[in-house]
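**Q** Just run_35.pdb, nothing more (PDB, C-alpha atoms and all ligand atoms):
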ATOM      1  CA  MET A   1     -53.799   0.239   5.080
ATOM      2  CA  LYS A   2     -54.847   3.649   6.330
ATOM      3  CA  LEU A   3     -52.443   6.579   6.358
ATOM      4  CA  MET A   4     -52.916   9.785   8.333
ATOM      5  CA  LEU A   5     -51.512  12.863   6.590
ATOM      6  CA  HIS A   6     -50.673  16.051   8.451
ATOM      7  CA  VAL A   7     -50.413  18.853   5.925
ATOM      8  CA  ALA A   8     -48.569  21.890   7.187
ATOM      9  CA  PRO A   9     -49.195  25.544   6.417
ATOM     10  CA  GLY A  10     -47.370  26.505   3.262
ATOM     11  CA  ILE A  11     -48.154  23.348   1.288
ATOM     12  CA  VAL A  12     -51.864  22.915   1.989
ATOM     13  CA  ARG A  13     -52.811  24.780  -1.168
ATOM     14  CA  TYR A  14     -50.857  22.432  -3.471
ATOM     15  CA  PRO A  15     -52.681  19.527  -5.217
ATOM     16  CA  LEU A  16     -50.777  17.005  -3.097
ATOM     17  CA  ILE A  17     -53.106  14.023  -3.384
ATOM     18  CA  ALA A  18     -53.590  14.408  -7.134
ATOM     19  CA  SER A  19     -49.859  14.631  -7.756
ATOM     20  CA  VAL A  20     -49.130  11.550  -5.600
ATOM     21  CA  ILE A  21     -51.797   9.546  -7.418
ATOM     22  CA  LEU A  22     -50.309  10.534 -10.776
ATOM     23  CA  GLU A  23     -46.785   9.680  -9.627
ATOM     24  CA  THR A  24     -47.548   6.353  -7.928
ATOM     25  CA  GLY A  25     -50.603   5.118  -9.835
ATOM     26  CA  ALA A  26     -52.117   4.139  -6.477
ATOM     27  CA  LEU A  27     -55.907   4.073  -6.186
ATOM     28  CA  VAL A  28     -56.184   5.931  -2.883
ATOM     29  CA  ASN A  29     -59.490   6.684  -1.212
ATOM     30  CA  ILE A  30     -60.060   9.738   0.972
ATOM     31  CA  GLU A  31     -61.847   8.462   4.099
ATOM     32  CA  ARG A  32     -61.734  11.624   6.197
ATOM     33  CA  ALA A  33     -60.467  15.118   5.577
ATOM     34  CA  SER A  34     -60.351  18.232   7.685
ATOM     35  CA  ILE A  35     -58.751  20.998   5.667
ATOM     36  CA  ASP A  36     -58.814  24.751   5.819
ATOM     37  CA  ALA A  37     -56.719  27.506   4.307
ATOM     38  CA  VAL A  38     -53.735  26.912   6.562
ATOM     39  CA  SER A  39     -53.446  23.182   7.382
ATOM     40  CA  GLY A  40     -55.054  19.803   6.947
ATOM     41  CA  GLU A  41     -55.540  16.350   8.455
ATOM     42  CA  ILE A  42     -56.449  13.620   5.977
ATOM     43  CA  VAL A  43     -57.001   9.869   6.335
ATOM     44  CA  LEU A  44     -56.417   7.832   3.187
ATOM     45  CA  GLU A  45     -57.064   4.168   2.438
ATOM     46  CA  VAL A  46     -54.129   2.954   0.351
ATOM     47  CA  PRO A  47     -53.652  -0.463  -1.288
ATOM     48  CA  GLN A  48     -51.272  -2.498   0.878
ATOM     49  CA  ASP A  49     -48.760  -3.048  -1.922
ATOM     50  CA  LYS A  50     -48.526   0.713  -2.593
ATOM     51  CA  CYS A  51     -48.307   1.855   1.000
ATOM     52  CA  THR A  52     -44.561   2.477   1.197
ATOM     53  CA  THR A  53     -44.449   4.157  -2.215
ATOM     54  CA  VAL A  54     -47.356   6.464  -1.376
ATOM     55  CA  LYS A  55     -45.954   7.279   2.072
ATOM     56  CA  GLU A  56     -42.568   8.220   0.594
ATOM     57  CA  ALA A  57     -44.194  10.292  -2.159
ATOM     58  CA  PHE A  58     -46.102  12.380   0.406
ATOM     59  CA  GLU A  59     -43.059  12.725   2.639
ATOM     60  CA  SER A  60     -40.979  13.986  -0.297
ATOM     61  CA  ARG A  61     -43.574  16.775  -0.594
ATOM     62  CA  GLY A  62     -43.209  17.764   3.054
ATOM     63  CA  VAL A  63     -46.265  15.925   4.397
ATOM     64  CA  LYS A  64     -46.001  14.126   7.754
ATOM     65  CA  VAL A  65     -47.397  10.600   7.275
ATOM     66  CA  LEU A  66     -48.454   8.183  10.020
ATOM     67  CA  PRO A  67     -49.707   4.651   9.305
ATOM     68  CA  LEU A  68     -52.888   4.039  11.353
ATOM     69  CA  GLU A  69     -52.061   0.535  12.547
ATOM     70  CA  ASN A  70     -53.988   0.536  15.811
ATOM     71  CA  PRO A  71     -55.853   3.840  15.784
ATOM     72  CA  VAL A  72     -58.281   3.300  18.652
ATOM     73  CA  ILE A  73     -57.722   1.372  21.849
ATOM     74  CA  ARG A  74     -60.156   0.194  24.487
ATOM     75  CA  ASP A  75     -59.639  -0.255  28.184
ATOM     76  CA  ASP A  76     -61.168  -3.683  28.737
ATOM     77  CA  ASN A  77     -61.442  -3.001  32.464
ATOM     78  CA  GLU A  78     -63.786  -0.085  31.766
ATOM     79  CA  CYS A  79     -65.839  -1.425  28.848
ATOM     80  CA  VAL A  80     -69.249  -2.799  29.872
ATOM     81  CA  HIS A  81     -70.218  -3.887  26.327
ATOM     82  CA  CYS A  82     -73.155  -1.494  26.226
ATOM     83  CA  GLY A  83     -72.908  -1.170  22.436
ATOM     84  CA  ALA A  84     -73.018   2.621  22.224
ATOM     85  CA  CYS A  85     -69.857   2.608  20.104
ATOM     86  CA  VAL A  86     -71.447   0.079  17.723
ATOM     87  CA  SER A  87     -74.159   2.620  16.924
ATOM     88  CA  ILE A  88     -71.918   5.676  16.859
ATOM     89  CA  CYS A  89     -68.998   4.539  14.704
ATOM     90  CA  PRO A  90     -69.482   5.587  11.058
ATOM     91  CA  THR A  91     -67.107   2.926   9.707
ATOM     92  CA  GLY A  92     -68.406  -0.191  11.449
ATOM     93  CA  THR A  93     -65.307  -0.672  13.561
ATOM     94  CA  PHE A  94     -67.324  -2.214  16.413
ATOM     95  CA  ARG A  95     -69.774  -5.084  16.291
ATOM     96  CA  PHE A  96     -71.421  -7.546  18.665
ATOM     97  CA  GLU A  97     -70.193 -11.114  18.826
ATOM     98  CA  ASP A  98     -71.926 -13.388  21.319
ATOM     99  CA  TRP A  99     -73.203 -10.352  23.260
ATOM    100  CA  LEU A 100     -69.736  -8.859  23.541
ATOM    101  CA  VAL A 101     -68.498  -5.831  21.609
ATOM    102  CA  VAL A 102     -65.441  -6.562  19.477
ATOM    103  CA  ALA A 103     -63.429  -4.153  17.367
ATOM    104  CA  ASP A 104     -61.773  -4.270  13.973
ATOM    105  CA  SER A 105     -59.526  -1.274  14.458
ATOM    106  CA  GLY A 106     -58.302  -1.455  10.863
ATOM    107  CA  LYS A 107     -61.574   0.238   9.896
ATOM    108  CA  CYS A 108     -61.058   3.236  12.193
ATOM    109  CA  ILE A 109     -60.524   6.677  10.640
ATOM    110  CA  GLN A 110     -59.888   8.411  13.986
ATOM    111  CA  CYS A 111     -62.959  10.629  13.860
ATOM    112  CA  GLY A 112     -63.168  10.535  17.662
ATOM    113  CA  ALA A 113     -66.944  10.041  17.858
ATOM    114  CA  CYS A 114     -66.733   6.870  19.943
ATOM    115  CA  VAL A 115     -64.337   8.451  22.422
ATOM    116  CA  VAL A 116     -66.884  11.153  23.143
ATOM    117  CA  GLY A 117     -69.835   8.767  23.081
ATOM    118  CA  CYS A 118     -68.555   5.983  25.324
ATOM    119  CA  PRO A 119     -70.336   6.359  28.663
ATOM    120  CA  HIS A 120     -67.479   4.650  30.515
ATOM    121  CA  ARG A 121     -64.653   6.604  28.868
ATOM    122  CA  ALA A 122     -63.162   3.264  27.827
ATOM    123  CA  LEU A 123     -61.897   4.393  24.423
ATOM    124  CA  LYS A 124     -59.025   6.597  23.368
ATOM    125  CA  LEU A 125     -57.279   7.448  20.125
ATOM    126  CA  VAL A 126     -53.646   6.526  19.623
ATOM    127  CA  LEU A 127     -51.920   9.788  18.774
ATOM    128  CA  LYS A 128     -48.361   9.604  17.518
TER     129      LYS A 128
HETATM  130  S1  LIG B 201     -69.391   2.451  24.261
HETATM  131 FE1  LIG B 201     -67.656   2.113  25.670
HETATM  132  S2  LIG B 201     -68.479   0.805  27.273
HETATM  133 FE2  LIG B 201     -69.913   0.724  25.571
HETATM  134  S3  LIG B 201     -69.265  -1.094  24.385
HETATM  135 FE3  LIG B 201     -68.231   0.682  23.484
HETATM  136  S4  LIG B 201     -66.244   0.778  24.534
HETATM  137 FE4  LIG B 201     -67.553  -0.548  25.762
HETATM  138  S1  LIG B 202     -62.652   7.032  16.181
HETATM  139 FE1  LIG B 202     -64.206   5.623  16.944
HETATM  140  S2  LIG B 202     -66.127   6.236  15.920
HETATM  141 FE2  LIG B 202     -64.420   7.155  14.755
HETATM  142  S3  LIG B 202     -63.950   5.664  13.159
HETATM  143 FE3  LIG B 202     -62.585   5.208  14.879
HETATM  144  S4  LIG B 202     -63.650   3.627  16.041
HETATM  145 FE4  LIG B 202     -65.180   4.597  14.693
END
Would it be possible to restate this file's structure as structure tokens?

**A**
Amino acid sequence: MKLMLHVAPGIVRYPLIASVILETGALVNIERASIDAVSGEIVLEVPQDKCTTVKEAFESRGVKVLPLENPVIRDDNECVHCGACVSICPTGTFRFEDWLVVADSGKCIQCGACVVGCPHRALKLVLK
């Protein structure tokens, strides 16, 4: 399961991920991170059985946590199965099956590249 962390100003300089790993023992993987001196947006892959524990550990430290259950959605009326998103996506979310593009949205890290690259504007990110 992927979790999106929104790290607010004031706590971004604390070793949040390290302390949560030590507390929970969860083997988390950082899949995307955009962090500067004042805030951060991080996508983590977390083992399914540790998801609730890890989420609560971050929340207790003041981090807003959103599970990425269906991070990218496609308008099937607009998609023409051109395959541009298959090439663009860095995580292999899209693939061809019988000449049609299908998606495994569980792989998405919400980088936004496909949204920009889709020539038919058929894709959008689910923002909570
Ligand atoms: S790039 Fe857009 S139109 Fe092309 S296959 Fe992907 S979603 Fe469909
Ligand atoms: S936002 Fe699009 S390109 Fe980025 S990981 Fe998700 S599906 Fe792939």

**Q** At a cut-off of 8 Å around ligand LIG 202 (chain B), and using all atoms listed in the file, what residues come up? Please write them as a list in words.

**A** Pro71, Val72, Cys85, Ile88, Cys89, Pro90, Thr91, Gly92, Thr93, Phe94, Ala103, Ser105, Lys107, Cys108, Ile109, Gln110, Cys111, Gly112, Ala113, Cys114, Val115, Leu123 and Leu125 of chain A

**Q** Can you work out which one of A:Glu31, A:Glu69, A:Asp49, A:Glu59 has the shortest atom-to-atom distance to Val7 (chain A), counting all atoms listed in the file?

**A**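 Once distances to Val7 (chain A) are computed over all atoms listed in the file, the minimum belongs to A:Glu59.
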
**Q** For ligand LIG 201 (chain B), collect every residue having any atom at a distance of at most 9 Å from a ligand atom (counting all atoms listed in the file); output as an MDAnalysis selection string.

**A** chainID A and resid 73:76 78:88 94 96 100:102 114:115 117:123

**Q** Using CA of Glu23 (chain A) and CA of Cys51 (chain A) as the two end points, give the distance in Å to one decimal.

**A**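 Distance between the two atoms: 13.3 Å.
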
**Q** Could you list, as JSON, numbers by chain, every residue matched by the PyMOL selection byres (((chain A and resi 12-17) around 12) and not hetatm) in this structure?

**A** {"A": [5, 6, 7, 8, 9, 10, 11, 18, 19, 20, 21, 22, 23, 24, 25, 26, 27, 28, 29, 30, 33, 34, 35, 36, 37, 38, 39, 40, 41, 42, 43, 44, 46, 54, 55, 57, 58, 59, 60, 61, 62, 63]}

**Q** Please, could you write that set of residues out with C-alpha atoms as a compact mmCIF listing (two decimals), in the frame of the given file?

**A**
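Below is the file result.txt, written as the result:
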# COMPACT_ATOMS: atom_id res chain seq x y z
CA LEU A 5 -51.51 12.86 6.59
CA HIS A 6 -50.67 16.05 8.45
CA VAL A 7 -50.41 18.85 5.92
CA ALA A 8 -48.57 21.89 7.19
CA PRO A 9 -49.20 25.54 6.42
CA GLY A 10 -47.37 26.50 3.26
CA ILE A 11 -48.15 23.35 1.29
CA ALA A 18 -53.59 14.41 -7.13
CA SER A 19 -49.86 14.63 -7.76
CA VAL A 20 -49.13 11.55 -5.60
CA ILE A 21 -51.80 9.55 -7.42
CA LEU A 22 -50.31 10.53 -10.78
CA GLU A 23 -46.78 9.68 -9.63
CA THR A 24 -47.55 6.35 -7.93
CA GLY A 25 -50.60 5.12 -9.84
CA ALA A 26 -52.12 4.14 -6.48
CA LEU A 27 -55.91 4.07 -6.19
CA VAL A 28 -56.18 5.93 -2.88
CA ASN A 29 -59.49 6.68 -1.21
CA ILE A 30 -60.06 9.74 0.97
CA ALA A 33 -60.47 15.12 5.58
CA SER A 34 -60.35 18.23 7.68
CA ILE A 35 -58.75 21.00 5.67
CA ASP A 36 -58.81 24.75 5.82
CA ALA A 37 -56.72 27.51 4.31
CA VAL A 38 -53.74 26.91 6.56
CA SER A 39 -53.45 23.18 7.38
CA GLY A 40 -55.05 19.80 6.95
CA GLU A 41 -55.54 16.35 8.46
CA ILE A 42 -56.45 13.62 5.98
CA VAL A 43 -57.00 9.87 6.34
CA LEU A 44 -56.42 7.83 3.19
CA VAL A 46 -54.13 2.95 0.35
CA VAL A 54 -47.36 6.46 -1.38
CA LYS A 55 -45.95 7.28 2.07
CA ALA A 57 -44.19 10.29 -2.16
CA PHE A 58 -46.10 12.38 0.41
CA GLU A 59 -43.06 12.72 2.64
CA SER A 60 -40.98 13.99 -0.30
CA ARG A 61 -43.57 16.77 -0.59
CA GLY A 62 -43.21 17.76 3.05
CA VAL A 63 -46.26 15.92 4.40

**Q** So what do you get for CA of Gln48 (chain A) versus CA of Lys124 (chain A), distance-wise?

**A** 25.5 Å

**Q** Separation of CA of Val126 (chain A) and CA of Lys64 (chain A), in Å?

**A**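 The value is 16.0 Å.
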
**Q** Is there a way to get, as a PDB file with C-alpha atoms, in the coordinates of the input, all residues within 8 Å of the point (-54.9, 4.1, 5.0) in file coordinates, counting all atoms listed in the file?

**A**
ATOM      1  CA  MET A   1     -53.799   0.239   5.080  1.00  0.00           C
ATOM      2  CA  LYS A   2     -54.847   3.649   6.330  1.00  0.00           C
ATOM      3  CA  LEU A   3     -52.443   6.579   6.358  1.00  0.00           C
ATOM      4  CA  MET A   4     -52.916   9.785   8.333  1.00  0.00           C
ATOM      5  CA  VAL A  43     -57.001   9.869   6.335  1.00  0.00           C
ATOM      6  CA  LEU A  44     -56.417   7.832   3.187  1.00  0.00           C
ATOM      7  CA  GLU A  45     -57.064   4.168   2.438  1.00  0.00           C
ATOM      8  CA  VAL A  46     -54.129   2.954   0.351  1.00  0.00           C
ATOM      9  CA  PRO A  47     -53.652  -0.463  -1.288  1.00  0.00           C
ATOM     10  CA  PRO A  67     -49.707   4.651   9.305  1.00  0.00           C
ATOM     11  CA  LEU A  68     -52.888   4.039  11.353  1.00  0.00           C
TER      12      LEU A  68
END

**Q** Each side padded by 4 Å, which centre and which edge lengths in Å (one decimal) define the axis-aligned box around the listed atoms of region 79-87 of chain A? Give them as AutoDock Vina command-line options.

**A**
--center_x -70.0 --center_y -0.6 --center_z 23.4 --size_x 16.3 --size_y 14.5 --size_z 20.9
